file coords_20.json (JSON, C-alpha atoms)
[["chain", "number", "residue", "atom", "x", "y", "z"],
["A", 4, "MET", "CA", 18.10, 0.56, 15.08],
["A", 5, "LEU", "CA", 21.06, 2.11, 13.27],
["A", 6, "ARG", "CA", 19.02, 5.00, 11.90],
["A", 7, "ALA", "CA", 17.28, 5.55, 15.24],
["A", 8, "GLU", "CA", 20.64, 5.83, 16.99],
["A", 9, "CYS", "CA", 21.87, 8.20, 14.28],
["A", 10, "ARG", "CA", 18.78, 10.41, 14.54],
["A", 11, "SER", "CA", 19.09, 10.56, 18.32],
["A", 12, "GLU", "CA", 22.80, 11.38, 17.94],
["A", 13, "THR", "CA", 23.75, 8.99, 20.70],
["A", 14, "ALA", "CA", 27.40, 8.05, 21.08],
["A", 15, "LEU", "CA", 26.71, 4.84, 19.15],
["A", 16, "GLY", "CA", 24.74, 6.72, 16.49],
["A", 17, "LEU", "CA", 27.40, 9.33, 15.87],
["A", 18, "ALA", "CA", 30.00, 6.60, 15.46],
["A", 19, "ALA", "CA", 27.84, 4.85, 12.84],
["A", 20, "LYS", "CA", 26.55, 7.91, 10.96],
["A", 21, "SER", "CA", 29.54, 8.70, 8.78],
["A", 22, "ILE", "CA", 30.13, 5.03, 7.96],
["A", 23, "LEU", "CA", 26.55, 4.55, 6.72],
["A", 24, "ALA", "CA", 26.59, 7.75, 4.67],
["A", 25, "ASN", "CA", 29.60, 6.49, 2.71],
["A", 26, "GLY", "CA", 28.11, 3.05, 2.08],
["A", 27, "GLY", "CA", 30.31, 1.26, 4.58],
["A", 28, "LEU", "CA", 29.33, -1.53, 6.95],
["A", 29, "VAL", "CA", 29.38, -0.68, 10.64],
["A", 30, "ASP", "CA", 31.81, -2.89, 12.57],
["A", 31, "ASP", "CA", 30.57, -5.82, 14.66],
["A", 32, "GLU", "CA", 31.37, -4.33, 18.06],
["A", 33, "LEU", "CA", 29.30, -1.21, 17.39],
["A", 34, "VAL", "CA", 26.33, -3.11, 15.93],
["A", 35, "ASN", "CA", 26.37, -5.69, 18.73],
["A", 36, "ALA", "CA", 26.25, -2.88, 21.30],
["A", 37, "MET", "CA", 23.19, -1.37, 19.57],
["A", 38, "VAL", "CA", 21.45, -4.74, 19.43],
["A", 39, "VAL", "CA", 22.01, -5.50, 23.11],
["A", 40, "LYS", "CA", 20.83, -1.99, 24.05],
["A", 41, "ARG", "CA", 17.59, -2.57, 22.10],
["A", 42, "LEU", "CA", 16.91, -6.19, 23.04],
["A", 43, "THR", "CA", 17.29, -5.61, 26.75],
["A", 44, "ARG", "CA", 14.22, -3.35, 26.76],
["A", 45, "SER", "CA", 11.11, -4.70, 28.45],
["A", 46, "GLU", "CA", 9.07, -5.08, 25.23],
["A", 47, "CYS", "CA", 11.55, -7.66, 23.92],
["A", 48, "ARG", "CA", 11.23, -10.03, 26.87],
["A", 49, "SER", "CA", 8.61, -12.18, 25.14],
["A", 50, "GLY", "CA", 10.62, -12.55, 21.92],
["A", 51, "PHE", "CA", 11.69, -10.38, 18.99],
["A", 52, "ILE", "CA", 12.32, -10.26, 15.24],
["A", 53, "LEU", "CA", 15.71, -9.15, 13.92],
["A", 54, "ASP", "CA", 15.76, -7.81, 10.35],
["A", 55, "GLY", "CA", 19.24, -7.59, 8.81],
["A", 56, "TYR", "CA", 21.14, -8.77, 11.88],
["A", 57, "PRO", "CA", 23.37, -10.70, 12.28],
["A", 58, "ARG", "CA", 25.19, -10.04, 9.03],
["A", 59, "THR", "CA", 28.48, -11.78, 9.87],
["A", 60, "VAL", "CA", 29.42, -15.05, 11.54],
["A", 61, "PRO", "CA", 31.08, -13.26, 14.50],
["A", 62, "GLN", "CA", 27.81, -11.35, 15.02],
["A", 63, "ALA", "CA", 25.91, -14.64, 14.88],
["A", 64, "VAL", "CA", 28.22, -16.15, 17.49],
["A", 65, "PHE", "CA", 27.75, -13.08, 19.69],
["A", 66, "LEU", "CA", 23.95, -13.32, 19.27],
["A", 67, "SER", "CA", 23.97, -17.02, 20.15],
["A", 68, "GLU", "CA", 25.74, -16.25, 23.42],
["A", 69, "PHE", "CA", 23.32, -13.41, 24.17],
["A", 70, "ILE", "CA", 20.32, -15.68, 23.49],
["A", 71, "ARG", "CA", 21.82, -18.37, 25.73],
["A", 72, "GLN", "CA", 22.33, -15.88, 28.55],
["A", 73, "GLN", "CA", 18.74, -14.68, 28.19],
["A", 74, "GLY", "CA", 17.39, -18.23, 28.33],
["A", 75, "LEU", "CA", 15.79, -18.10, 24.87],
["A", 76, "PRO", "CA", 15.51, -21.05, 22.46],
["A", 77, "GLU", "CA", 17.52, -21.14, 19.24],
["A", 78, "PRO", "CA", 16.37, -18.52, 16.67],
["A", 79, "LYS", "CA", 14.41, -19.30, 13.50],
["A", 80, "VAL", "CA", 16.12, -17.86, 10.41],
["A", 81, "ILE", "CA", 14.28, -16.53, 7.35],
["A", 82, "HIS", "CA", 16.43, -15.83, 4.29],
["A", 83, "LEU", "CA", 14.89, -13.50, 1.69],
["A", 84, "ASP", "CA", 16.93, -14.34, -1.43],
["A", 85, "VAL", "CA", 17.07, -11.62, -4.13],
["A", 86, "PRO", "CA", 19.45, -11.24, -7.15],
["A", 87, "ILE", "CA", 21.91, -8.33, -7.13],
["A", 88, "PRO", "CA", 20.39, -6.36, -10.09],
["A", 89, "VAL", "CA", 16.95, -6.49, -8.47],
["A", 90, "LEU", "CA", 18.35, -5.33, -5.13],
["A", 91, "VAL", "CA", 20.13, -2.37, -6.71],
["A", 92, "LEU", "CA", 17.00, -1.31, -8.61],
["A", 93, "ARG", "CA", 14.72, -1.65, -5.60],
["A", 94, "LEU", "CA", 16.94, 0.19, -3.13],
["A", 95, "SER", "CA", 17.93, 3.02, -5.47],
["A", 96, "SER", "CA", 14.23, 3.61, -6.22],
["A", 97, "ARG", "CA", 13.30, 4.31, -2.60],
["A", 98, "ARG", "CA", 12.29, 7.82, -1.58],
["A", 99, "HIS", "CA", 11.76, 9.15, 1.93],
["A", 100, "CYS", "CA", 9.75, 11.98, 3.48],
["A", 101, "PRO", "CA", 12.08, 13.85, 5.86],
["A", 102, "SER", "CA", 9.10, 15.21, 7.81],
["A", 103, "CYS", "CA", 6.80, 12.25, 8.56],
["A", 104, "GLY", "CA", 9.20, 9.42, 7.71],
["A", 105, "ARG", "CA", 6.93, 7.79, 5.13],
["A", 106, "ILE", "CA", 8.77, 5.67, 2.55],
["A", 107, "TYR", "CA", 7.88, 5.37, -1.14],
["A", 108, "ASN", "CA", 9.26, 3.34, -4.03],
["A", 109, "LEU", "CA", 9.27, 4.68, -7.58],
["A", 110, "LEU", "CA", 8.73, 1.14, -8.89],
["A", 111, "TYR", "CA", 6.00, -0.20, -6.60],
["A", 112, "GLN", "CA", 4.61, 2.55, -4.38],
["A", 113, "ARG", "CA", 4.79, 5.91, -6.08],
["A", 114, "PRO", "CA", 3.42, 9.08, -4.46],
["A", 115, "VAL", "CA", 0.22, 10.51, -5.95],
["A", 116, "ARG", "CA", 2.04, 13.73, -6.79],
["A", 117, "GLU", "CA", 5.50, 13.11, -8.18],
["A", 118, "GLY", "CA", 8.26, 14.14, -5.79],
["A", 119, "SER", "CA", 5.93, 15.04, -2.89],
["A", 120, "CYS", "CA", 4.72, 13.16, 0.17],
["A", 121, "ASP", "CA", 1.04, 12.18, 0.09],
["A", 122, "SER", "CA", 0.70, 12.87, 3.83],
["A", 123, "ASP", "CA", 2.20, 16.35, 4.22],
["A", 124, "GLY", "CA", 3.31, 17.51, 0.77],
["A", 125, "GLN", "CA", 6.98, 17.72, 1.74],
["A", 126, "PRO", "CA", 9.55, 17.14, -1.05],
["A", 127, "LEU", "CA", 10.76, 13.54, -1.06],
["A", 128, "ILE", "CA", 14.47, 12.81, -0.73],
["A", 129, "GLN", "CA", 16.75, 9.88, -1.46],
["A", 130, "ARG", "CA", 18.79, 8.70, 1.51],
["A", 131, "ASN", "CA", 22.54, 8.74, 0.99],
["A", 132, "ASP", "CA", 22.71, 4.98, 1.57],
["A", 133, "ASP", "CA", 20.05, 4.36, -1.14],
["A", 134, "ALA", "CA", 22.07, 5.98, -3.94],
["A", 135, "GLU", "CA", 22.93, 3.43, -6.65],
["A", 136, "ASP", "CA", 26.72, 3.64, -6.23],
["A", 137, "VAL", "CA", 26.38, 3.32, -2.45],
["A", 138, "VAL", "CA", 24.03, 0.33, -2.81],
["A", 139, "ARG", "CA", 26.56, -1.43, -5.03],
["A", 140, "GLN", "CA", 29.30, -0.80, -2.46],
["A", 141, "ARG", "CA", 27.09, -2.29, 0.24],
["A", 142, "LEU", "CA", 26.54, -5.42, -1.86],
["A", 143, "GLU", "CA", 30.27, -5.78, -2.43],
["A", 144, "GLY", "CA", 30.70, -5.57, 1.32],
["A", 145, "TYR", "CA", 28.07, -8.26, 1.68],
["A", 146, "HIS", "CA", 30.06, -10.72, -0.44],
["A", 147, "THR", "CA", 33.07, -10.25, 1.80],
["A", 148, "LEU", "CA", 31.37, -10.35, 5.19],
["A", 149, "CYS", "CA", 27.96, -11.98, 4.85],
["A", 150, "GLY", "CA", 28.48, -14.90, 2.47],
["A", 151, "PRO", "CA", 29.40, -17.45, 5.18],
["A", 152, "LEU", "CA", 26.42, -16.46, 7.35],
["A", 153, "ILE", "CA", 23.91, -18.57, 5.41],
["A", 154, "GLU", "CA", 26.09, -21.65, 5.80],
["A", 155, "TYR", "CA", 26.41, -20.93, 9.51],
["A", 156, "TYR", "CA", 22.63, -21.01, 9.94],
["A", 157, "ARG", "CA", 21.73, -23.82, 7.51],
["A", 158, "GLY", "CA", 19.74, -26.51, 9.29],
["A", 159, "PRO", "CA", 16.21, -27.23, 10.49],
["A", 160, "ASP", "CA", 15.69, -23.63, 11.69],
["A", 161, "TYR", "CA", 16.75, -22.08, 8.36],
["A", 162, "HIS", "CA", 14.05, -21.10, 5.82],
["A", 163, "ARG", "CA", 14.78, -19.69, 2.34],
["A", 164, "ILE", "CA", 12.13, -17.55, 0.62],
["A", 165, "ASP", "CA", 12.28, -16.31, -2.98],
["A", 166, "GLY", "CA", 12.36, -12.53, -2.54],
["A", 167, "GLN", "CA", 11.09, -11.94, -6.09],
["A", 168, "CYS", "CA", 7.62, -13.29, -5.31],
["A", 169, "GLU", "CA", 4.61, -11.00, -4.84],
["A", 170, "PRO", "CA", 4.79, -9.14, -1.51],
["A", 171, "GLU", "CA", 1.58, -10.79, -0.33],
["A", 172, "LYS", "CA", 2.98, -14.26, -0.99],
["A", 173, "ILE", "CA", 6.23, -13.45, 0.83],
["A", 174, "SER", "CA", 4.27, -12.05, 3.77],
["A", 175, "GLU", "CA", 2.16, -15.20, 4.05],
["A", 176, "GLN", "CA", 5.22, -17.45, 3.95],
["A", 177, "ILE", "CA", 6.88, -15.45, 6.72],
["A", 178, "LYS", "CA", 3.71, -15.47, 8.82],
["A", 179, "SER", "CA", 3.42, -19.23, 8.37],
["A", 180, "ILE", "CA", 7.00, -19.78, 9.58],
["A", 181, "ILE", "CA", 6.51, -17.50, 12.59],
["A", 182, "ARG", "CA", 3.19, -19.12, 13.51],
["A", 183, "ALA", "CA", 4.81, -22.55, 13.39],
["A", 184, "HIS", "CA", 7.36, -21.44, 16.00],
["A", 185, "SER", "CA", 5.26, -19.06, 18.12],
["A", 186, "ASN", "CA", 3.75, -21.65, 20.44],
["A", 187, "PRO", "CA", 6.64, -23.06, 22.50],
["A", 188, "PRO", "CA", 6.16, -25.85, 25.03],
["A", 189, "ARG", "CA", 4.51, -24.73, 28.28],
["A", 190, "LYS", "CA", 7.77, -25.01, 30.20],
["A", 191, "MET", "CA", 9.33, -22.49, 27.79],
["A", 192, "ARG", "CA", 8.28, -18.99, 28.86],
["A", 193, "ARG", "CA", 9.39, -17.10, 25.73],
["A", 194, "SER", "CA", 9.05, -17.68, 21.99],
["A", 195, "ALA", "CA", 12.11, -18.21, 19.81],
["A", 196, "PRO", "CA", 13.60, -15.09, 18.21],
["A", 197, "VAL", "CA", 13.19, -14.79, 14.45],
["A", 198, "ILE", "CA", 16.07, -13.58, 12.28],
["A", 199, "LEU", "CA", 15.75, -12.16, 8.78],
["A", 200, "PRO", "CA", 19.33, -11.95, 7.48],
["A", 201, "TYR", "CA", 20.49, -9.14, 5.21],
["A", 202, "ARG", "CA", 18.80, -9.48, 1.78],
["A", 203, "THR", "CA", 21.29, -11.61, -0.05],
["A", 204, "PRO", "CA", 22.01, -11.99, -3.77],
["A", 205, "SER", "CA", 21.07, -15.38, -5.17],
["A", 206, "THR", "CA", 24.57, -16.35, -6.27],
["A", 207, "GLU", "CA", 25.01, -19.18, -3.81],
["A", 208, "THR", "CA", 24.31, -22.87, -4.28],
["A", 209, "THR", "CA", 21.05, -23.98, -2.69]]
call {"tool": "encode", "arguments": {"input": "coords_20.json", "output": "structure tokens"}}
result
Amino acid sequence: MLRAECRSETALGLAAKSILANGGLVDDELVNAMVVKRLTRSECRSGFILDGYPRTVPQAVFLSEFIRQQGLPEPKVIHLDVPIPVLVLRLSSRRHCPSCGRIYNLLYQRPVREGSCDSDGQPLIQRNDDAEDVVRQRLEGYHTLCGPLIEYYRGPDYHRIDGQCEPEKISEQIKSIIRAHSNPPRKMRRSAPVILPYRTPSTETT
């Protein structure tokens, strides 16, 4: 949502663009406004998945009020837990095609021809917010703002997944959690939202 707003150069996107480029974390008010704008679209009426939001307790409180106003059940939370060194390596290895938007990873999903997109041959680029120093700044910001979020959501609707497992195994675990919550009682017209918090370093006690 952040990148889409930035690409469209909306008022919200322009406000977020410079912050993201420098590795900063966009403030709660701005992010909340983007989320509400997106979730009030017609395709979200039957439920939705949030990836990376909320990232702070105030955002979570805001989301809870929004969900209550929309008449949705409490969200199911999936926590993908990954150590800091692995996060830095993964994110700084991402490459992006500026033409078609396809994403590669120099560790796991390399292009056939080094430095070029398989789809259109365009030179691949590294996003500013995927540079190693910027990634480290983002993780430092996480420790300050996001640490309490896991404790806020701990409970029967919280699910921790080891983010170092094979992608297929992670995918199956997520699907299993979503399937378990995708058939609400008949009186409930909409499925519970699913939240995947920001990928967090495994430095916390579990």
call {"tool": "residues_around", "arguments": {"input": "coords_20.json", "residues": "Val138 (chain A)", "least_positions_apart": "5", "cutoff": "9 Å", "atoms": "all atoms listed in the file", "output": "CSV table (one decimal) with C-alpha atoms, in the coordinates of the input"}}
result
chain,number,residue,atom,x,y,z
A,26,GLY,CA,28.1,3.0,2.1
A,90,LEU,CA,18.4,-5.3,-5.1
A,91,VAL,CA,20.1,-2.4,-6.7
A,94,LEU,CA,16.9,0.2,-3.1
A,95,SER,CA,17.9,3.0,-5.5
A,132,ASP,CA,22.7,5.0,1.6
A,133,ASP,CA,20.0,4.4,-1.1
A,143,GLU,CA,30.3,-5.8,-2.4
call {"tool": "closest_residue", "arguments": {"input": "coords_20.json", "among": "A:Leu53, A:Leu28, A:Ile181, A:Val89", "to": "Val137 (chain A)", "atoms": "all atoms listed in the file"}}
result
A:Leu28
call {"tool": "residues_around", "arguments": {"input": "coords_20.json", "residues": "Leu127 (chain A)", "least_positions_apart": "5", "cutoff": "10 Å", "atoms": "all atoms listed in the file", "output": "list in words"}}
result
Arg97, Arg98, His99, Cys100, Pro101, Ser102, Gly104, Arg105, Ile106, Tyr107, Pro114, Glu117, Gly118, Ser119, Cys120 and Asp121 of chain A
call {"tool": "atom_distance", "arguments": {"input": "coords_20.json", "atom1": "CA of Pro78 (chain A)", "atom2": "CA of Tyr145 (chain A)"}}
result
21.6 Å
call {"tool": "atom_distance", "arguments": {"input": "coords_20.json", "atom1": "CA of Ile177 (chain A)", "atom2": "CA of Pro86 (chain A)"}}
result
19.2 Å
call {"tool": "atom_distance", "arguments": {"input": "coords_20.json", "atom1": "CA of Asp84 (chain A)", "atom2": "CA of Gly166 (chain A)"}}
result
5.0 Å
call {"tool": "closest_residue", "arguments": {"input": "coords_20.json", "among": "A:Ile180, A:Leu110, A:Ile164, A:Val197", "to": "His82 (chain A)", "atoms": "all atoms listed in the file"}}
result
A:Ile164
call {"tool": "residues_around", "arguments": {"input": "coords_20.json", "residues": "Gln176 (chain A)", "least_positions_apart": "3", "cutoff": "10 Å", "atoms": "all atoms listed in the file", "output": "PyMOL selection string"}}
result
chain A and resi 81+162-165+170-173+179-182
call {"tool": "residues_around", "arguments": {"input": "coords_20.json", "residues": "Phe69 (chain A)", "least_positions_apart": "6", "cutoff": "10 Å", "atoms": "only C-alpha atoms", "output": "PDB file with C-alpha atoms, in the coordinates of the input"}}
result
ATOM      1  CA  ASN A  35      26.370  -5.690  18.730  1.00  0.00           C
ATOM      2  CA  VAL A  39      22.010  -5.500  23.110  1.00  0.00           C
ATOM      3  CA  LEU A  42      16.910  -6.190  23.040  1.00  0.00           C
ATOM      4  CA  ALA A  63      25.910 -14.640  14.880  1.00  0.00           C
ATOM      5  CA  LEU A  75      15.790 -18.100  24.870  1.00  0.00           C
TER       6      LEU A  75
END
call {"tool": "residues_around", "arguments": {"input": "coords_20.json", "residues": "Gly144 (chain A)", "least_positions_apart": "5", "cutoff": "9 Å", "atoms": "only C-alpha atoms", "output": "ChimeraX atom specification"}}
result
/A:27-28,139,149
call {"tool": "closest_residue", "arguments": {"input": "coords_20.json", "among": "A:Cys9, A:Ala24, A:Leu92, A:Leu66", "to": "Arg130 (chain A)", "atoms": "only C-alpha atoms"}}
result
A:Ala24
call {"tool": "closest_residue", "arguments": {"input": "coords_20.json", "among": "A:Gly74, A:Leu142, A:Tyr161, A:Glu175", "to": "Ser49 (chain A)", "atoms": "all atoms listed in the file"}}
result
A:Gly74
